[in-house]
$ cat input-v8.cif   # mmCIF, C-alpha atoms
data_entry
loop_
_atom_site.group_PDB
_atom_site.id
_atom_site.type_symbol
_atom_site.label_atom_id
_atom_site.label_comp_id
_atom_site.auth_asym_id
_atom_site.auth_seq_id
_atom_site.Cartn_x
_atom_site.Cartn_y
_atom_site.Cartn_z
ATOM 1 C CA MET L 1 8.597 30.395 1.194
ATOM 2 C CA ASP L 2 7.375 34.009 1.449
ATOM 3 C CA ALA L 3 8.599 36.632 3.913
ATOM 4 C CA ASN L 4 5.814 35.889 6.388
ATOM 5 C CA GLY L 5 6.714 32.209 6.360
ATOM 6 C CA LEU L 6 10.378 32.980 7.007
ATOM 7 C CA LYS L 7 9.445 35.295 9.891
ATOM 8 C CA ALA L 8 7.206 32.616 11.413
ATOM 9 C CA ARG L 9 9.950 29.996 11.154
ATOM 10 C CA SER L 10 12.514 32.364 12.690
ATOM 11 C CA PHE L 11 10.114 33.166 15.531
ATOM 12 C CA ASP L 12 9.446 29.485 16.201
ATOM 13 C CA ASN L 13 13.166 28.754 16.277
ATOM 14 C CA LEU L 14 13.779 31.679 18.624
ATOM 15 C CA ARG L 15 10.948 30.552 20.890
ATOM 16 C CA THR L 16 12.155 26.953 21.140
ATOM 17 C CA SER L 17 15.744 28.052 21.708
ATOM 18 C CA LEU L 18 14.600 30.345 24.530
ATOM 19 C CA ILE L 19 12.542 27.580 26.119
ATOM 20 C CA THR L 20 15.552 25.256 25.925
ATOM 21 C CA ALA L 21 17.884 27.854 27.434
ATOM 22 C CA ILE L 22 15.496 28.685 30.287
ATOM 23 C CA TYR L 23 14.810 25.032 31.088
ATOM 24 C CA ALA L 24 18.537 24.282 31.149
ATOM 25 C CA ASN L 25 19.056 26.811 33.934
ATOM 26 C CA LEU L 26 16.133 25.856 36.167
ATOM 27 C CA PRO L 27 16.719 23.926 39.394
ATOM 28 C CA ASP L 28 15.190 20.460 39.648
ATOM 29 C CA TYR L 29 12.469 21.472 42.108
ATOM 30 C CA GLN L 30 11.099 24.056 39.658
ATOM 31 C CA ARG L 31 11.174 21.581 36.777
ATOM 32 C CA ALA L 32 9.193 19.117 38.886
ATOM 33 C CA SER L 33 6.460 21.696 39.506
ATOM 34 C CA PHE L 34 5.431 22.043 35.844
ATOM 35 C CA SER L 35 2.133 20.669 34.571
ATOM 36 C CA ARG L 36 2.067 17.824 32.066
ATOM 37 C CA SER L 37 1.038 20.099 29.215
ATOM 38 C CA THR L 38 3.959 22.431 29.992
ATOM 39 C CA ASN L 39 6.378 19.502 30.091
ATOM 40 C CA ILE L 40 5.106 18.304 26.723
ATOM 41 C CA ARG L 41 5.738 21.743 25.202
ATOM 42 C CA ILE L 42 9.211 21.796 26.736
ATOM 43 C CA SER L 43 9.991 18.315 25.414
ATOM 44 C CA LYS L 44 8.991 19.389 21.895
ATOM 45 C CA ALA L 45 11.264 22.422 22.166
ATOM 46 C CA LEU L 46 14.195 20.302 23.342
ATOM 47 C CA VAL L 47 13.707 17.860 20.485
ATOM 48 C CA SER L 48 13.364 20.706 17.979
ATOM 49 C CA GLN L 49 16.690 22.132 19.141
ATOM 50 C CA GLY L 50 18.436 18.757 18.983
ATOM 51 C CA ASP L 51 19.074 18.837 22.713
ATOM 52 C CA THR L 52 20.148 15.580 24.349
ATOM 53 C CA THR L 53 21.503 16.817 27.686
ATOM 54 C CA HIS L 54 18.104 17.628 29.231
ATOM 55 C CA ILE L 55 15.987 14.900 27.647
ATOM 56 C CA PRO L 56 16.420 12.487 30.623
ATOM 57 C CA ALA L 57 15.111 15.119 33.033
ATOM 58 C CA ILE L 58 12.018 15.939 30.984
ATOM 59 C CA PHE L 59 11.482 12.205 30.435
ATOM 60 C CA HIS L 60 11.223 11.550 34.164
ATOM 61 C CA ASN L 61 8.980 14.582 34.715
ATOM 62 C CA LEU L 62 6.636 13.307 32.006
ATOM 63 C CA TYR L 63 6.861 9.760 33.342
ATOM 64 C CA ASN L 64 5.387 10.854 36.670
ATOM 65 C CA SER L 65 2.264 12.249 34.967
ATOM 66 C CA THR L 66 1.733 9.582 32.290
ATOM 67 C CA THR L 67 -1.596 7.706 32.325
ATOM 68 C CA TRP L 68 -0.072 4.773 30.368
ATOM 69 C CA GLU L 69 -2.427 4.787 27.456
ATOM 70 C CA PRO L 70 -0.536 4.237 24.149
ATOM 71 C CA PRO L 71 -0.448 7.953 23.179
ATOM 72 C CA GLY L 72 1.095 8.826 26.542
ATOM 73 C CA VAL L 73 3.690 6.074 26.315
ATOM 74 C CA TRP L 74 4.524 7.179 22.774
ATOM 75 C CA ILE L 75 5.614 10.601 24.074
ATOM 76 C CA LEU L 76 8.187 8.878 26.300
ATOM 77 C CA LEU L 77 9.295 6.498 23.549
ATOM 78 C CA SER L 78 9.750 9.392 21.131
ATOM 79 C CA LEU L 79 12.245 10.965 23.556
ATOM 80 C CA ILE L 80 14.217 7.715 23.680
ATOM 81 C CA ILE L 81 14.178 7.576 19.890
ATOM 82 C CA HIS L 82 15.451 11.158 19.762
ATOM 83 C CA LEU L 83 18.430 10.261 21.935
ATOM 84 C CA THR L 84 19.192 7.168 19.870
ATOM 85 C CA GLN L 85 19.085 9.098 16.614
ATOM 86 C CA HIS L 86 21.443 11.724 18.044
ATOM 87 C CA GLN L 87 24.124 9.198 19.039
ATOM 88 C CA ALA L 88 23.185 9.394 22.728
ATOM 89 C CA VAL L 89 22.487 5.679 23.123
ATOM 90 C CA GLU L 90 24.140 5.614 26.534
ATOM 91 C CA ASP L 91 21.502 8.087 27.746
ATOM 92 C CA ALA L 92 18.618 6.373 25.963
ATOM 93 C CA LEU L 93 19.237 2.885 27.327
ATOM 94 C CA PRO L 94 18.590 3.691 31.048
ATOM 95 C CA LEU L 95 15.291 5.376 30.110
ATOM 96 C CA LEU L 96 14.136 2.306 28.204
ATOM 97 C CA GLN L 97 15.266 0.057 31.050
ATOM 98 C CA HIS L 98 13.212 2.202 33.428
ATOM 99 C CA LEU L 99 10.083 1.483 31.365
ATOM 100 C CA ILE L 100 10.885 -2.221 31.240
ATOM 101 C CA ARG L 101 11.559 -2.534 34.994
ATOM 102 C CA ASN L 102 8.237 -0.900 35.758
ATOM 103 C CA GLN L 103 6.395 -3.077 33.215
ATOM 104 C CA ARG L 104 5.251 -0.132 31.149
ATOM 105 C CA LEU L 105 5.766 -1.778 27.748
ATOM 106 C CA PRO L 106 3.677 -4.488 26.046
ATOM 107 C CA PRO L 107 4.982 -8.024 26.741
ATOM 108 C CA ALA L 108 5.331 -8.576 22.989
ATOM 109 C CA ALA L 109 7.974 -5.850 22.894
ATOM 110 C CA LEU L 110 10.414 -7.949 24.896
ATOM 111 C CA VAL L 111 10.250 -11.293 23.087
ATOM 112 C CA GLY L 112 12.997 -10.689 20.515
ATOM 113 C CA ARG L 113 16.532 -12.015 20.593
ATOM 114 C CA GLY L 114 19.672 -9.917 20.604
ATOM 115 C CA ASP L 115 23.113 -10.059 19.062
ATOM 116 C CA PRO L 116 25.616 -8.396 21.405
ATOM 117 C CA SER L 117 28.452 -8.917 18.910
ATOM 118 C CA HIS L 118 26.956 -6.434 16.438
ATOM 119 C CA PRO L 119 28.760 -3.042 16.405
ATOM 120 C CA GLN L 120 25.402 -1.234 16.688
ATOM 121 C CA ALA L 121 23.836 -3.689 19.163
ATOM 122 C CA PRO L 122 22.576 -1.151 21.775
ATOM 123 C CA ALA L 123 20.924 1.129 19.191
ATOM 124 C CA ILE L 124 19.374 -1.847 17.379
ATOM 125 C CA THR L 125 18.032 -3.259 20.638
ATOM 126 C CA ILE L 126 16.407 0.046 21.571
ATOM 127 C CA GLN L 127 14.835 0.560 18.149
ATOM 128 C CA SER L 128 13.632 -3.044 17.966
ATOM 129 C CA ILE L 129 11.886 -2.912 21.356
ATOM 130 C CA ILE L 130 10.189 0.352 20.437
ATOM 131 C CA ILE L 131 9.037 -0.968 17.055
ATOM 132 C CA ARG L 132 7.511 -4.041 18.702
ATOM 133 C CA SER L 133 5.814 -1.792 21.253
ATOM 134 C CA ILE L 134 4.138 0.446 18.706
ATOM 135 C CA LEU L 135 3.098 -2.531 16.583
ATOM 136 C CA SER L 136 1.151 -3.680 19.635
ATOM 137 C CA TYR L 137 -0.617 -0.342 20.157
ATOM 138 C CA PRO L 138 -0.994 -0.348 17.055
ATOM 139 C CA PHE L 139 0.751 2.694 15.531
ATOM 140 C CA TYR L 140 1.510 1.292 12.079
ATOM 141 C CA GLU L 141 2.614 4.522 10.401
ATOM 142 C CA ARG L 142 5.131 5.194 13.153
ATOM 143 C CA ALA L 143 6.303 1.590 12.940
ATOM 144 C CA ARG L 144 7.008 2.120 9.241
ATOM 145 C CA GLN L 145 9.017 5.254 9.962
ATOM 146 C CA LEU L 146 11.107 3.595 12.675
ATOM 147 C CA SER L 147 11.610 0.474 10.566
ATOM 148 C CA THR L 148 13.092 2.664 7.834
ATOM 149 C CA ASP L 149 15.493 4.118 10.408
ATOM 150 C CA LEU L 150 16.434 0.603 11.535
ATOM 151 C CA LEU L 151 17.016 -0.436 7.924
ATOM 152 C CA ASP L 152 19.363 2.535 7.455
ATOM 153 C CA LEU L 153 21.277 1.467 10.565
ATOM 154 C CA LEU L 154 21.726 -2.081 9.239
ATOM 155 C CA THR L 155 22.652 -0.875 5.758
ATOM 156 C CA SER L 156 25.386 1.347 7.170
ATOM 157 C CA SER L 157 26.869 -1.490 9.256
ATOM 158 C CA LYS L 158 25.904 -5.122 8.637
ATOM 159 C CA ASN L 159 22.996 -7.506 8.984
ATOM 160 C CA HIS L 160 21.540 -8.323 12.396
ATOM 161 C CA ALA L 161 19.438 -11.487 12.245
ATOM 162 C CA PRO L 162 16.832 -10.585 14.930
ATOM 163 C CA ALA L 163 16.362 -7.086 13.474
ATOM 164 C CA TRP L 164 16.065 -8.630 9.993
ATOM 165 C CA GLU L 165 13.223 -10.837 11.218
ATOM 166 C CA LEU L 166 11.533 -7.842 12.839
ATOM 167 C CA LEU L 167 11.626 -5.874 9.582
ATOM 168 C CA LEU L 168 10.041 -8.839 7.817
ATOM 169 C CA GLU L 169 7.330 -8.907 10.487
ATOM 170 C CA VAL L 170 6.585 -5.233 9.813
ATOM 171 C CA CYS L 171 6.409 -6.025 6.091
ATOM 172 C CA ARG L 172 3.902 -8.817 6.707
ATOM 173 C CA VAL L 173 1.743 -6.522 8.853
ATOM 174 C CA ASN L 174 1.663 -3.981 6.031
ATOM 175 C CA LEU L 175 0.840 -6.638 3.445
ATOM 176 C CA VAL L 176 -2.282 -7.416 5.432
ATOM 177 C CA GLY L 177 -3.257 -3.730 5.430
ATOM 178 C CA GLY L 178 -2.754 -3.435 1.682
ATOM 179 C CA THR L 179 -3.119 0.342 1.309
ATOM 180 C CA ARG L 180 -1.040 2.147 -1.304
ATOM 181 C CA ALA L 181 1.283 3.571 1.382
ATOM 182 C CA GLU L 182 1.697 0.147 2.986
ATOM 183 C CA MET L 183 2.454 -1.586 -0.311
ATOM 184 C CA GLN L 184 4.994 1.085 -1.238
ATOM 185 C CA PHE L 185 6.616 0.592 2.160
ATOM 186 C CA VAL L 186 6.910 -3.176 1.563
ATOM 187 C CA ASN L 187 8.457 -2.551 -1.855
ATOM 188 C CA ASP L 188 11.002 -0.103 -0.455
ATOM 189 C CA MET L 189 11.724 -2.198 2.646
ATOM 190 C CA LEU L 190 12.339 -5.488 0.824
ATOM 191 C CA SER L 191 14.440 -3.702 -1.812
ATOM 192 C CA GLY L 192 16.470 -2.059 0.939
ATOM 193 C CA MET L 193 16.882 -5.264 2.921
ATOM 194 C CA ALA L 194 18.349 -6.890 -0.184
ATOM 195 C CA LYS L 195 21.188 -4.351 -0.031
ATOM 196 C CA ILE L 196 22.166 -4.871 3.614
ATOM 197 C CA PRO L 197 25.746 -6.192 3.860
ATOM 198 C CA GLU L 198 25.748 -9.975 4.446
ATOM 199 C CA ALA L 199 22.001 -10.115 3.844
ATOM 200 C CA PRO L 200 20.486 -13.599 3.433
ATOM 201 C CA MET L 201 18.032 -14.512 0.696
ATOM 202 C CA LEU L 202 14.680 -12.794 1.069
ATOM 203 C CA PRO L 203 11.924 -15.183 2.178
ATOM 204 C CA ARG L 204 9.996 -16.693 -0.693
ATOM 205 C CA SER L 205 6.613 -16.336 0.985
ATOM 206 C CA THR L 206 6.931 -12.603 1.722
ATOM 207 C CA VAL L 207 8.291 -11.702 -1.707
ATOM 208 C CA ASN L 208 5.629 -13.704 -3.512
ATOM 209 C CA ASP L 209 2.835 -12.371 -1.301
ATOM 210 C CA TYR L 210 3.901 -8.858 -2.259
ATOM 211 C CA ILE L 211 4.100 -9.632 -5.991
ATOM 212 C CA ALA L 212 0.659 -11.238 -5.865
ATOM 213 C CA SER L 213 -0.747 -8.075 -4.257
ATOM 214 C CA VAL L 214 0.434 -5.473 -6.780
ATOM 215 C CA LYS L 215 0.023 -4.909 -10.493
ATOM 216 C CA PRO L 216 2.149 -7.263 -12.643
ATOM 217 C CA ARG L 217 4.311 -4.454 -14.014
ATOM 218 C CA ILE L 218 5.162 -3.238 -10.501
ATOM 219 C CA GLY L 219 5.810 -6.812 -9.374
ATOM 220 C CA ALA L 220 8.107 -7.524 -12.327
ATOM 221 C CA GLY L 221 10.060 -4.299 -11.830
ATOM 222 C CA PHE L 222 10.512 -5.073 -8.139
ATOM 223 C CA PHE L 223 11.475 -8.723 -8.531
ATOM 224 C CA PHE L 224 14.007 -8.343 -11.322
ATOM 225 C CA SER L 225 15.665 -5.391 -9.595
ATOM 226 C CA LEU L 226 16.741 -7.717 -6.764
ATOM 227 C CA ASP L 227 20.243 -9.136 -6.832
ATOM 228 C CA GLU L 228 20.213 -12.808 -7.778
ATOM 229 C CA LYS L 229 21.930 -13.707 -4.492
ATOM 230 C CA VAL L 230 18.930 -12.595 -2.445
ATOM 231 C CA ARG L 231 16.174 -13.251 -4.995
ATOM 232 C CA PRO L 232 13.960 -16.200 -3.975
ATOM 233 C CA LYS L 233 12.034 -18.463 -6.342
ATOM 234 C CA LEU L 234 8.816 -17.191 -7.852
ATOM 235 C CA THR L 235 5.735 -19.294 -7.312
ATOM 236 C CA PRO L 236 4.187 -20.763 -10.496
ATOM 237 C CA GLY L 237 1.170 -18.515 -9.963
ATOM 238 C CA ASN L 238 3.328 -15.395 -9.925
ATOM 239 C CA ILE L 239 5.260 -16.524 -12.998
ATOM 240 C CA ILE L 240 1.953 -16.713 -14.860
ATOM 241 C CA ARG L 241 0.924 -13.382 -13.361
ATOM 242 C CA LEU L 242 4.062 -11.640 -14.629
ATOM 243 C CA ALA L 243 3.904 -13.459 -17.967
ATOM 244 C CA SER L 244 0.485 -11.870 -18.475
ATOM 245 C CA LEU L 245 2.376 -8.689 -19.369
ATOM 246 C CA ARG L 246 3.238 -10.486 -22.635
ATOM 247 C CA GLU L 247 6.556 -8.672 -22.878
ATOM 248 C CA TYR L 248 9.432 -10.467 -24.560
ATOM 249 C CA ARG L 249 12.146 -9.394 -22.088
ATOM 250 C CA VAL L 250 10.035 -10.306 -19.070
ATOM 251 C CA THR L 251 9.167 -13.671 -20.627
ATOM 252 C CA ARG L 252 12.827 -14.492 -21.257
ATOM 253 C CA LYS L 253 13.688 -13.698 -17.637
ATOM 254 C CA LEU L 254 10.768 -15.792 -16.442
ATOM 255 C CA GLU L 255 12.113 -18.773 -18.375
ATOM 256 C CA GLN L 256 15.199 -18.589 -16.169
ATOM 257 C CA GLU L 257 12.960 -18.553 -13.101
ATOM 258 C CA ILE L 258 11.080 -21.606 -14.360
ATOM 259 C CA ALA L 259 14.382 -23.485 -14.517
ATOM 260 C CA ARG L 260 14.721 -23.000 -10.740
ATOM 261 C CA LEU L 261 11.447 -24.813 -10.026
ATOM 262 C CA GLU L 262 10.869 -28.509 -9.486
ATOM 263 C CA GLU L 263 9.058 -30.261 -12.319
ATOM 264 C CA HIS L 264 6.028 -31.076 -10.188
ATOM 265 C CA GLU L 265 5.656 -27.395 -9.249
ATOM 266 C CA TRP L 266 5.531 -26.214 -12.841
ATOM 267 C CA ALA L 267 3.725 -28.975 -14.722
ATOM 268 C CA SER L 268 0.202 -27.598 -14.302
ATOM 269 C CA CYS L 269 1.199 -24.101 -15.485
ATOM 270 C CA ARG L 270 3.317 -25.006 -18.527
ATOM 271 C CA LYS L 271 0.556 -24.767 -21.124
ATOM 272 C CA ALA L 272 -0.625 -21.331 -19.950
ATOM 273 C CA PHE L 273 2.914 -19.986 -19.955
ATOM 274 C CA GLU L 274 3.651 -21.273 -23.453
ATOM 275 C CA GLU L 275 0.548 -19.516 -24.758
ATOM 276 C CA MET L 276 1.604 -16.229 -23.157
ATOM 277 C CA LYS L 277 5.140 -16.719 -24.389
ATOM 278 C CA GLY L 278 3.892 -17.128 -27.946
ATOM 279 C CA SER L 279 1.808 -13.986 -27.574
ATOM 280 C CA SER L 280 4.800 -11.984 -26.349
ATOM 281 C CA TRP L 281 6.890 -13.218 -29.282
ATOM 282 C CA ASN L 282 4.162 -12.216 -31.752
ATOM 283 C CA GLN L 283 3.873 -8.764 -30.228
ATOM 284 C CA THR L 284 7.639 -8.294 -30.463
ATOM 285 C CA ARG L 285 7.693 -9.377 -34.107
ATOM 286 C CA ARG L 286 4.807 -7.062 -34.995
ATOM 287 C CA ALA L 287 6.570 -4.185 -33.273
ATOM 288 C CA GLY L 288 9.728 -4.987 -35.229
ATOM 289 C CA ARG L 289 7.873 -4.888 -38.564
ATOM 290 C CA ALA L 290 6.109 -1.652 -37.668
ATOM 291 C CA ARG L 291 9.341 0.191 -36.855
ATOM 292 C CA PRO L 292 10.740 0.314 -40.436
ATOM 293 C CA ARG L 293 7.382 1.610 -41.722
ATOM 294 C CA GLN L 294 7.445 4.388 -39.142
ATOM 295 C CA GLU L 295 10.995 5.251 -40.165
ATOM 296 C CA GLU L 296 10.012 5.313 -43.874
ATOM 297 C CA ALA L 297 7.050 7.553 -43.129
ATOM 298 C CA SER L 298 9.308 10.024 -41.343
ATOM 299 C CA VAL L 299 11.775 10.296 -44.255
#

$ encode --input "input-v8.cif" --output "structure tokens"
Amino acid sequence: MDANGLKARSFDNLRTSLITAIYANLPDYQRASFSRSTNIRISKALVSQGDTTHIPAIFHNLYNSTTWEPPGVWILLSLIIHLTQHQAVEDALPLLQHLIRNQRLPPAALVGRGDPSHPQAPAITIQSIIIRSILSYPFYERARQLSTDLLDLLTSSKNHAPAWELLLEVCRVNLVGGTRAEMQFVNDMLSGMAKIPEAPMLPRSTVNDYIASVKPRIGAGFFFSLDEKVRPKLTPGNIIRLASLREYRVTRKLEQEIARLEEHEWASCRKAFEEMKGSSWNQTRRAGRARPRQEEASV
């Protein structure tokens, strides 16, 4: 960053710190007199400075001027997220409850189950309700970002069955979208979910839907990177799809996957696989014969 960039960043930091300091010393009646646009600027300054003490006050000032369209609700939800991410869950929960009591969130946001025995139960509950809310709006990019935060929370503690199901729901939504960013998210999310302590096996349908939606090499790399404890069965169609790479190592691993299938599942695909298997063997043998010639030529 050049000198001008550093000056601009320093000025922005000074400006937001001044706004935060001034707001902190204003009486409530003056805070209540600000316009919505002013309150939005103040809220951004508070968030930028990592403030948690004055977020509830700016939340309620913004609440009174919200028109309840999704973008307006998102501003309030983002303040709750900020508190949760800064270990101020006890301050975030009453704000979320205020939205729920006044029926300001989509009904779909409140359908999930909870697990009060989990050590991070309050934070998980808050994040889960917000993710369901923004899926309904729909704000898919923000849902991906918050789902990644929820995954990190589970990975650092232990699995939470309702949150696990919610993350799978977000994966399925992104599979339908099918953009490059969405497919990369599904890859990263499923790979991360496989590493959550006490994680169950990943669902066969979701894993196979993903593999069927990406290039075989990406699908093979993803699938065989999963720990065997959480790796579901491949469908016969995906075994053939990955075998189309005609790579010896992939083919050998796929033979182990075939052994997990019932005979009636695999019977119709056996001939096609054997042909691809033979092709992969031939390619490996040709590569093996070519290597000594290359070595001789280099001597």

$ residues_around --input "input-v8.cif" --residues "Gly72 of chain L" --least-positions-apart "5" --cutoff "12 Å" --atoms "all atoms listed in the file" --output "PyMOL selection string"
chain L and resi 36-37+40+59+62-67+77-79+104-105+134+137

$ write_last_selection --input "input-v8.cif" --atoms "C-alpha atoms" --output "tab-separated table (two decimals), in the coordinates of the input"
chain	number	residue	atom	x	y	z
L	36	ARG	CA	2.07	17.82	32.07
L	37	SER	CA	1.04	20.10	29.22
L	40	ILE	CA	5.11	18.30	26.72
L	59	PHE	CA	11.48	12.20	30.44
L	62	LEU	CA	6.64	13.31	32.01
L	63	TYR	CA	6.86	9.76	33.34
L	64	ASN	CA	5.39	10.85	36.67
L	65	SER	CA	2.26	12.25	34.97
L	66	THR	CA	1.73	9.58	32.29
L	67	THR	CA	-1.60	7.71	32.33
L	77	LEU	CA	9.30	6.50	23.55
L	78	SER	CA	9.75	9.39	21.13
L	79	LEU	CA	12.24	10.96	23.56
L	104	ARG	CA	5.25	-0.13	31.15
L	105	LEU	CA	5.77	-1.78	27.75
L	134	ILE	CA	4.14	0.45	18.71
L	137	TYR	CA	-0.62	-0.34	20.16

$ atom_distance --input "input-v8.cif" --atom1 "atom CA of Pro138 of chain L" --atom2 "atom CA of Leu151 of chain L"
20.2 Å

$ closest_residue --input "input-v8.cif" --among "L:His160, L:Arg172, L:Ile80, L:Ala181" --to "Glu141 of chain L" --atoms "all atoms listed in the file"
L:Ala181

$ residues_around --input "input-v8.cif" --residues "Ile131 of chain L" --least-positions-apart "2" --cutoff "10 Å" --atoms "all atoms listed in the file" --output "list in words"
Leu77, Ala109, Thr125, Ile126, Gln127, Ser128, Ile129, Ser133, Ile134, Leu135, Ser136, Phe139, Tyr140, Arg142, Ala143, Arg144, Gln145, Leu146, Ser147, Leu150, Leu166, Leu167 and Val170 of chain L

$ write_last_selection --input "input-v8.cif" --atoms "C-alpha atoms" --output "JSON list (two decimals), keeping the file's coordinate frame"
[["chain", "number", "residue", "atom", "x", "y", "z"],
["L", 77, "LEU", "CA", 9.30, 6.50, 23.55],
["L", 109, "ALA", "CA", 7.97, -5.85, 22.89],
["L", 125, "THR", "CA", 18.03, -3.26, 20.64],
["L", 126, "ILE", "CA", 16.41, 0.05, 21.57],
["L", 127, "GLN", "CA", 14.84, 0.56, 18.15],
["L", 128, "SER", "CA", 13.63, -3.04, 17.97],
["L", 129, "ILE", "CA", 11.89, -2.91, 21.36],
["L", 133, "SER", "CA", 5.81, -1.79, 21.25],
["L", 134, "ILE", "CA", 4.14, 0.45, 18.71],
["L", 135, "LEU", "CA", 3.10, -2.53, 16.58],
["L", 136, "SER", "CA", 1.15, -3.68, 19.64],
["L", 139, "PHE", "CA", 0.75, 2.69, 15.53],
["L", 140, "TYR", "CA", 1.51, 1.29, 12.08],
["L", 142, "ARG", "CA", 5.13, 5.19, 13.15],
["L", 143, "ALA", "CA", 6.30, 1.59, 12.94],
["L", 144, "ARG", "CA", 7.01, 2.12, 9.24],
["L", 145, "GLN", "CA", 9.02, 5.25, 9.96],
["L", 146, "LEU", "CA", 11.11, 3.60, 12.68],
["L", 147, "SER", "CA", 11.61, 0.47, 10.57],
["L", 150, "LEU", "CA", 16.43, 0.60, 11.54],
["L", 166, "LEU", "CA", 11.53, -7.84, 12.84],
["L", 167, "LEU", "CA", 11.63, -5.87, 9.58],
["L", 170, "VAL", "CA", 6.58, -5.23, 9.81]]

$ closest_residue --input "input-v8.cif" --among "L:Trp74, L:Trp266, L:Tyr248, L:Trp164" --to "Asp115 of chain L" --atoms "all atoms listed in the file"
L:Trp164

$ resolve_selection --input "input-v8.cif" --expression "the PyMOL selection byres ((chain L and resi 153) around 12)" --output "PyMOL selection string"
chain L and resi 84-85+87+118-125+127-128+146-152+154-160+163-164+192-193+196-197

$ atom_distance --input "input-v8.cif" --atom1 "atom CA of Glu275 of chain L" --atom2 "atom CA of Pro216 of chain L"
17.3 Å

$ residues_around --input "input-v8.cif" --residues "Met201 of chain L" --least-positions-apart "2" --cutoff "12 Å" --atoms "only C-alpha atoms" --output "MDAnalysis selection string"
chainID L and resid 159 164 190:191 193:199 203:207 226:233

$ closest_residue --input "input-v8.cif" --among "L:Ser43, L:Ser268, L:Ser35, L:Thr251" --to "Thr16 of chain L" --atoms "all atoms listed in the file"
L:Ser43

$ atom_distance --input "input-v8.cif" --atom1 "atom CA of Gln49 of chain L" --atom2 "atom CA of Glu90 of chain L"
19.6 Å

$ residues_around --input "input-v8.cif" --residues "Lys271 of chain L" --least-positions-apart "6" --cutoff "12 Å" --atoms "all atoms listed in the file" --output "list in words"
Pro236, Ile240, Lys277 and Gly278 of chain L

$ residues_around --input "input-v8.cif" --residues "Lys215 of chain L" --least-positions-apart "3" --cutoff "10 Å" --atoms "only C-alpha atoms" --output "CSV table (one decimal) with C-alpha atoms, keeping the file's coordinate frame"
chain,number,residue,atom,x,y,z
L,210,TYR,CA,3.9,-8.9,-2.3
L,211,ILE,CA,4.1,-9.6,-6.0
L,212,ALA,CA,0.7,-11.2,-5.9
L,218,ILE,CA,5.2,-3.2,-10.5
L,219,GLY,CA,5.8,-6.8,-9.4
L,220,ALA,CA,8.1,-7.5,-12.3
L,241,ARG,CA,0.9,-13.4,-13.4
L,242,LEU,CA,4.1,-11.6,-14.6
L,245,LEU,CA,2.4,-8.7,-19.4

$ resolve_selection --input "input-v8.cif" --expression "the PyMOL selection byres ((chain L and resi 17-22) around 7)" --output "count of residues only"
12

$ closest_residue --input "input-v8.cif" --among "L:Gly114, L:Thr179, L:Arg260, L:Pro107" --to "Arg132 of chain L" --atoms "all atoms listed in the file"
L:Pro107

$ closest_residue --input "input-v8.cif" --among "L:Pro94, L:Arg217, L:Arg246, L:Gln256" --to "Ser279 of chain L" --atoms "all atoms listed in the file"
L:Arg246

$ closest_residue --input "input-v8.cif" --among "L:Ala259, L:Ile130, L:Ala243, L:Met189" --to "Pro70 of chain L" --atoms "all atoms listed in the file"
L:Ile130

$ build_atoms --input "input-v8.cif" --residues "segment 218-225 of chain L" --atoms "N, CA, C and O atoms" --output "CSV table (one decimal), in the frame of the given file"
chain,number,residue,atom,x,y,z
L,218,ILE,N,4.4,-3.6,-11.7
L,218,ILE,CA,5.2,-3.2,-10.5
L,218,ILE,C,5.9,-4.4,-9.9
L,218,ILE,O,7.0,-4.4,-9.5
L,219,GLY,N,5.2,-5.6,-9.9
L,219,GLY,CA,5.8,-6.8,-9.4
L,219,GLY,C,7.0,-7.2,-10.2
L,219,GLY,O,8.1,-7.6,-9.6
L,220,ALA,N,7.0,-7.1,-11.5
L,220,ALA,CA,8.1,-7.5,-12.3
L,220,ALA,C,9.3,-6.6,-12.1
L,220,ALA,O,10.4,-7.0,-12.0
L,221,GLY,N,9.0,-5.3,-12.1
L,221,GLY,CA,10.1,-4.3,-11.8
L,221,GLY,C,10.7,-4.5,-10.5
L,221,GLY,O,12.0,-4.4,-10.4
L,222,PHE,N,10.0,-4.8,-9.5
L,222,PHE,CA,10.5,-5.1,-8.1
L,222,PHE,C,11.4,-6.3,-8.2
L,222,PHE,O,12.5,-6.3,-7.7
L,223,PHE,N,10.8,-7.4,-8.6
L,223,PHE,CA,11.5,-8.7,-8.5
L,223,PHE,C,12.8,-8.7,-9.3
L,223,PHE,O,13.8,-9.2,-8.8
L,224,PHE,N,12.8,-8.3,-10.5
L,224,PHE,CA,14.0,-8.3,-11.3
L,224,PHE,C,15.0,-7.3,-11.0
L,224,PHE,O,16.1,-7.3,-11.5
L,225,SER,N,14.7,-6.3,-10.1
L,225,SER,CA,15.7,-5.4,-9.6
L,225,SER,C,16.5,-6.0,-8.5
L,225,SER,O,17.5,-5.4,-8.1
